[in-house]
Amino acid sequence: MEWNDVFMTLIREATARYHERPQTPAVNFFLPAEVEFLSSIGYTPDEMHAYIQDYATKGDPSPSTILLIAATRRAFFLISQRGISGNAKPVRAIDLPPADDDYQGIPYLPRIIRKADAMLHGTLDRGLMFYDEQDRIFLREHGNIHPADFLQLAARVNCDRQKMVKAVLQAMKISVADDTAAPRAAAPAPQRRQDPASWQPVQSELNLD
């Protein structure tokens with residue numbers, strides 16, 4: 001079974017478990033085999049528990065979104081970090097830029113960039129979550145950027161603020177153009193359902209050239 005199939009099974013089983021025992025703390029929530037699997041993709045129980053909790057209680061992020069975020073972290077963990085978790089100091093809430101801090105007139109951008117960097121390196125402190133409610137609002141309102149695309153961009157440009165603000169502005173411009181465009185004459189033909197075994201991580205459409 002491919003890792004993504006194992007991951008999706010974990011989401012289904014963990015969500016059902018959460019509904020049965022919502023008060024169980026993250027440290028005791030996952031089975032030993034699940035903890036071992038999460039460690040193999042660079043995840044911690046606290047991190048995964050946050051996504052399960054939000055999905056179980058709010059329906060957002062969706063399982064497929066959780067998978068795509070995990071795929072980006074997994075690729076960074078296995079390739080850039082060579083499958084070795086670093087000993088860097090955890091990034092706490094107090095270490096993040098304030099929510100109203102801005103870069104080139106875009107509030108919250110410094111904060112989400114810092115969170116994305118910590119997410120990629122596996123250093124987000126427990127209690128913090130990449131793509132929490134504030135992150136979702138920011139990404140929706142700034143070009144409707146997918147969180148996995150944002151993470152991939154952060155990895156590709158090493159969280160360079162200038163390059164990331166350029167990509168965000170581009171996404172916002174595209175989003176406005178799409179909103180004002182005339183409706184299409186016909187809906188696109190339905191796509192074939194992809195075999196999970198052939199799944200590949202999302203490819204970002206954010207262009208830095």
# chains A, B, ... in the order shown; residues from 1 in each chain; ligands from 1

call {"tool": "residues_around", "arguments": {"residues": "Glu13 in chain A", "least_positions_apart": "4", "cutoff": "12 Å", "atoms": "only C-alpha atoms", "output": "ChimeraX atom specification"}}
result
/A:6-9,17-20,29-31,34,52,56,63

call {"tool": "write_last_selection", "arguments": {"atoms": "C-alpha atoms", "output": "JSON list (two decimals), in the first residue's frame"}}
result
[["chain", "number", "residue", "atom", "x", "y", "z"],
["A", 6, "VAL", "CA", -2.08, 4.64, 4.55],
["A", 7, "PHE", "CA", -2.46, 8.35, 5.29],
["A", 8, "MET", "CA", -6.05, 8.50, 4.03],
["A", 9, "THR", "CA", -6.94, 5.40, 6.06],
["A", 17, "ARG", "CA", -12.02, 7.90, 16.89],
["A", 18, "TYR", "CA", -12.18, 11.64, 17.53],
["A", 19, "HIS", "CA", -15.97, 11.61, 17.33],
["A", 20, "GLU", "CA", -16.02, 8.78, 19.88],
["A", 29, "PHE", "CA", -4.75, 9.73, 20.64],
["A", 30, "PHE", "CA", -2.85, 7.77, 17.99],
["A", 31, "LEU", "CA", -1.92, 4.10, 18.00],
["A", 34, "GLU", "CA", 0.22, 5.40, 13.53],
["A", 52, "ILE", "CA", -8.14, 15.76, 12.55],
["A", 56, "ALA", "CA", -14.00, 16.52, 12.58],
["A", 63, "PRO", "CA", -8.92, 15.05, 3.88]]

call {"tool": "residues_around", "arguments": {"residues": "range 131-133 of chain A", "least_positions_apart": "6", "cutoff": "12 Å", "atoms": "only C-alpha atoms", "output": "MDAnalysis selection string"}}
result
chainID A and resid 47 50:55 58:62 65:66 68:70 111:113 115:116 119 124 139:140 145:151

call {"tool": "residues_around", "arguments": {"residues": "Gly127 in chain A", "least_positions_apart": "5", "cutoff": "12 Å", "atoms": "only C-alpha atoms", "output": "PyMOL selection string"}}
result
chain A and resi 25-26+44-51+90-94+132

call {"tool": "atom_distance", "arguments": {"atom1": "CA of Leu120 in chain A", "atom2": "CA of Asp95 in chain A"}}
result
16.2 Å

call {"tool": "select_by_dssp", "arguments": {"residues": "range 17-192 of chain A", "states": "helix (DSSP H, G or I)", "output": "ChimeraX atom specification"}}
result
/A:17-20,26-29,32-40,45-58,63-80,93-95,109-121,133-141,147-156,161-180

call {"tool": "select_by_dssp", "arguments": {"residues": "range 82-156 of chain A", "states": "strand (DSSP E)", "output": "ChimeraX atom specification"}}
result
/A:102-103,106-107

call {"tool": "atom_distance", "arguments": {"atom1": "CA of Pro32 in chain A", "atom2": "CA of Gly122 in chain A"}}
result
19.8 Å

call {"tool": "residues_around", "arguments": {"residues": "Ala171 in chain A", "least_positions_apart": "4", "cutoff": "8 Å", "atoms": "only C-alpha atoms", "output": "compact mmCIF listing (two decimals) with N, CA and C atoms, in the first residue's frame"}}
result
# COMPACT_ATOMS: atom_id res chain seq x y z
N HIS A 142 -6.38 36.24 -0.59
CA HIS A 142 -5.21 36.70 -1.35
C HIS A 142 -4.91 35.73 -2.50
N GLY A 143 -5.89 35.61 -3.37
CA GLY A 143 -5.70 34.82 -4.59
C GLY A 143 -6.20 33.40 -4.49
N ASN A 144 -6.88 33.07 -3.37
CA ASN A 144 -7.38 31.71 -3.19
C ASN A 144 -6.27 30.68 -3.41
N ILE A 145 -5.14 30.91 -2.76
CA ILE A 145 -3.97 30.04 -2.91
C ILE A 145 -4.16 28.78 -2.10
N ALA A 167 4.53 36.40 -5.82
CA ALA A 167 3.63 35.31 -6.18
C ALA A 167 2.23 35.55 -5.64
N SER A 175 -6.93 35.92 -9.64
CA SER A 175 -8.21 35.68 -9.00
C SER A 175 -9.23 36.74 -9.39
N LEU A 206 1.95 28.98 -9.22
CA LEU A 206 2.48 30.31 -8.94
C LEU A 206 3.78 30.49 -9.70

call {"tool": "decode", "arguments": {"residues": "range 158-174 of chain A", "atoms": "all heavy atoms", "output": "mmCIF file, in the first residue's frame"}}
result
data_model
loop_
_atom_site.group_PDB
_atom_site.id
_atom_site.type_symbol
_atom_site.label_atom_id
_atom_site.label_comp_id
_atom_site.auth_asym_id
_atom_site.auth_seq_id
_atom_site.Cartn_x
_atom_site.Cartn_y
_atom_site.Cartn_z
ATOM 1 N N ASN A 158 12.945 29.333 -0.582
ATOM 2 C CA ASN A 158 13.558 29.418 0.739
ATOM 3 C C ASN A 158 12.938 30.557 1.567
ATOM 4 O O ASN A 158 13.636 31.280 2.275
ATOM 5 C CB ASN A 158 15.069 29.614 0.620
ATOM 6 C CG ASN A 158 15.795 29.295 1.918
ATOM 7 O OD1 ASN A 158 15.337 28.495 2.727
ATOM 8 N ND2 ASN A 158 16.932 29.946 2.127
ATOM 9 N N CYS A 159 11.623 30.691 1.434
ATOM 10 C CA CYS A 159 10.842 31.685 2.182
ATOM 11 C C CYS A 159 11.322 33.117 1.937
ATOM 12 O O CYS A 159 11.194 33.981 2.814
ATOM 13 C CB CYS A 159 10.841 31.368 3.673
ATOM 14 S SG CYS A 159 9.867 29.895 4.085
ATOM 15 N N ASP A 160 11.842 33.375 0.754
ATOM 16 C CA ASP A 160 12.253 34.728 0.387
ATOM 17 C C ASP A 160 11.006 35.616 0.304
ATOM 18 O O ASP A 160 10.124 35.387 -0.518
ATOM 19 C CB ASP A 160 12.972 34.699 -0.962
ATOM 20 C CG ASP A 160 13.489 36.070 -1.377
ATOM 21 O OD1 ASP A 160 12.656 36.915 -1.769
ATOM 22 O OD2 ASP A 160 14.703 36.290 -1.337
ATOM 23 N N ARG A 161 10.930 36.626 1.146
ATOM 24 C CA ARG A 161 9.720 37.454 1.214
ATOM 25 C C ARG A 161 9.410 38.156 -0.102
ATOM 26 O O ARG A 161 8.254 38.267 -0.494
ATOM 27 C CB ARG A 161 9.858 38.496 2.336
ATOM 28 C CG ARG A 161 9.706 37.939 3.741
ATOM 29 C CD ARG A 161 9.604 39.072 4.735
ATOM 30 N NE ARG A 161 9.415 38.596 6.095
ATOM 31 C CZ ARG A 161 9.203 39.396 7.142
ATOM 32 N NH1 ARG A 161 9.149 40.712 6.958
ATOM 33 N NH2 ARG A 161 9.026 38.887 8.344
ATOM 34 N N GLN A 162 10.442 38.675 -0.753
ATOM 35 C CA GLN A 162 10.225 39.410 -1.993
ATOM 36 C C GLN A 162 9.607 38.518 -3.065
ATOM 37 O O GLN A 162 8.671 38.908 -3.767
ATOM 38 C CB GLN A 162 11.544 40.003 -2.505
ATOM 39 C CG GLN A 162 11.382 40.914 -3.711
ATOM 40 C CD GLN A 162 10.487 42.112 -3.432
ATOM 41 O OE1 GLN A 162 10.569 42.741 -2.373
ATOM 42 N NE2 GLN A 162 9.608 42.422 -4.368
ATOM 43 N N LYS A 163 10.116 37.300 -3.182
ATOM 44 C CA LYS A 163 9.583 36.386 -4.186
ATOM 45 C C LYS A 163 8.185 35.901 -3.810
ATOM 46 O O LYS A 163 7.325 35.706 -4.669
ATOM 47 C CB LYS A 163 10.530 35.196 -4.358
ATOM 48 C CG LYS A 163 11.855 35.578 -4.995
ATOM 49 C CD LYS A 163 12.769 34.376 -5.161
ATOM 50 C CE LYS A 163 14.081 34.785 -5.819
ATOM 51 N NZ LYS A 163 15.014 33.633 -5.973
ATOM 52 N N MET A 164 7.950 35.737 -2.517
ATOM 53 C CA MET A 164 6.639 35.254 -2.094
ATOM 54 C C MET A 164 5.573 36.333 -2.240
ATOM 55 O O MET A 164 4.435 36.048 -2.622
ATOM 56 C CB MET A 164 6.709 34.742 -0.658
ATOM 57 C CG MET A 164 7.575 33.501 -0.532
ATOM 58 S SD MET A 164 7.340 32.571 0.997
ATOM 59 C CE MET A 164 5.758 31.790 0.685
ATOM 60 N N VAL A 165 5.916 37.580 -1.961
ATOM 61 C CA VAL A 165 4.928 38.648 -2.136
ATOM 62 C C VAL A 165 4.605 38.816 -3.619
ATOM 63 O O VAL A 165 3.453 39.103 -3.996
ATOM 64 C CB VAL A 165 5.413 39.976 -1.519
ATOM 65 C CG1 VAL A 165 6.487 40.640 -2.362
ATOM 66 C CG2 VAL A 165 4.240 40.937 -1.333
ATOM 67 N N LYS A 166 5.594 38.614 -4.477
ATOM 68 C CA LYS A 166 5.360 38.696 -5.911
ATOM 69 C C LYS A 166 4.367 37.621 -6.351
ATOM 70 O O LYS A 166 3.447 37.883 -7.136
ATOM 71 C CB LYS A 166 6.684 38.522 -6.674
ATOM 72 C CG LYS A 166 6.532 38.540 -8.195
ATOM 73 C CD LYS A 166 7.892 38.350 -8.869
ATOM 74 C CE LYS A 166 7.750 38.300 -10.388
ATOM 75 N NZ LYS A 166 9.069 38.083 -11.043
ATOM 76 N N ALA A 167 4.534 36.404 -5.818
ATOM 77 C CA ALA A 167 3.634 35.311 -6.179
ATOM 78 C C ALA A 167 2.225 35.549 -5.635
ATOM 79 O O ALA A 167 1.232 35.243 -6.300
ATOM 80 C CB ALA A 167 4.194 33.992 -5.651
ATOM 81 N N VAL A 168 2.133 36.083 -4.420
ATOM 82 C CA VAL A 168 0.823 36.369 -3.835
ATOM 83 C C VAL A 168 0.101 37.439 -4.645
ATOM 84 O O VAL A 168 -1.099 37.313 -4.937
ATOM 85 C CB VAL A 168 0.969 36.805 -2.363
ATOM 86 C CG1 VAL A 168 -0.353 37.356 -1.819
ATOM 87 C CG2 VAL A 168 1.424 35.629 -1.506
ATOM 88 N N LEU A 169 0.801 38.498 -5.019
ATOM 89 C CA LEU A 169 0.193 39.556 -5.828
ATOM 90 C C LEU A 169 -0.262 39.022 -7.185
ATOM 91 O O LEU A 169 -1.313 39.402 -7.701
ATOM 92 C CB LEU A 169 1.187 40.711 -6.014
ATOM 93 C CG LEU A 169 1.496 41.522 -4.756
ATOM 94 C CD1 LEU A 169 2.624 42.512 -5.026
ATOM 95 C CD2 LEU A 169 0.246 42.265 -4.273
ATOM 96 N N GLN A 170 0.536 38.131 -7.753
ATOM 97 C CA GLN A 170 0.161 37.520 -9.029
ATOM 98 C C GLN A 170 -1.107 36.682 -8.872
ATOM 99 O O GLN A 170 -2.014 36.748 -9.700
ATOM 100 C CB GLN A 170 1.301 36.632 -9.543
ATOM 101 C CG GLN A 170 0.955 35.922 -10.853
ATOM 102 C CD GLN A 170 1.912 34.778 -11.149
ATOM 103 O OE1 GLN A 170 2.570 34.283 -10.231
ATOM 104 N NE2 GLN A 170 1.989 34.357 -12.377
ATOM 105 N N ALA A 171 -1.172 35.894 -7.779
ATOM 106 C CA ALA A 171 -2.355 35.072 -7.544
ATOM 107 C C ALA A 171 -3.593 35.936 -7.352
ATOM 108 O O ALA A 171 -4.682 35.597 -7.821
ATOM 109 C CB ALA A 171 -2.133 34.184 -6.322
ATOM 110 N N MET A 172 -3.446 37.064 -6.661
ATOM 111 C CA MET A 172 -4.567 37.977 -6.452
ATOM 112 C C MET A 172 -5.039 38.572 -7.776
ATOM 113 O O MET A 172 -6.238 38.699 -8.020
ATOM 114 C CB MET A 172 -4.158 39.086 -5.485
ATOM 115 C CG MET A 172 -3.918 38.605 -4.064
ATOM 116 S SD MET A 172 -3.208 39.892 -2.988
ATOM 117 C CE MET A 172 -4.568 41.070 -2.955
ATOM 118 N N LYS A 173 -4.083 38.898 -8.634
ATOM 119 C CA LYS A 173 -4.430 39.458 -9.942
ATOM 120 C C LYS A 173 -5.189 38.441 -10.784
ATOM 121 O O LYS A 173 -6.189 38.759 -11.431
ATOM 122 C CB LYS A 173 -3.149 39.891 -10.665
ATOM 123 C CG LYS A 173 -3.388 40.534 -12.018
ATOM 124 C CD LYS A 173 -2.068 40.988 -12.637
ATOM 125 C CE LYS A 173 -2.298 41.624 -14.005
ATOM 126 N NZ LYS A 173 -1.007 42.058 -14.613
ATOM 127 N N ILE A 174 -4.730 37.187 -10.769
ATOM 128 C CA ILE A 174 -5.397 36.128 -11.516
ATOM 129 C C ILE A 174 -6.798 35.883 -10.967
ATOM 130 O O ILE A 174 -7.765 35.695 -11.713
ATOM 131 C CB ILE A 174 -4.568 34.838 -11.473
ATOM 132 C CG1 ILE A 174 -3.256 35.028 -12.244
ATOM 133 C CG2 ILE A 174 -5.351 33.651 -12.045
ATOM 134 C CD1 ILE A 174 -2.303 33.867 -12.112
#
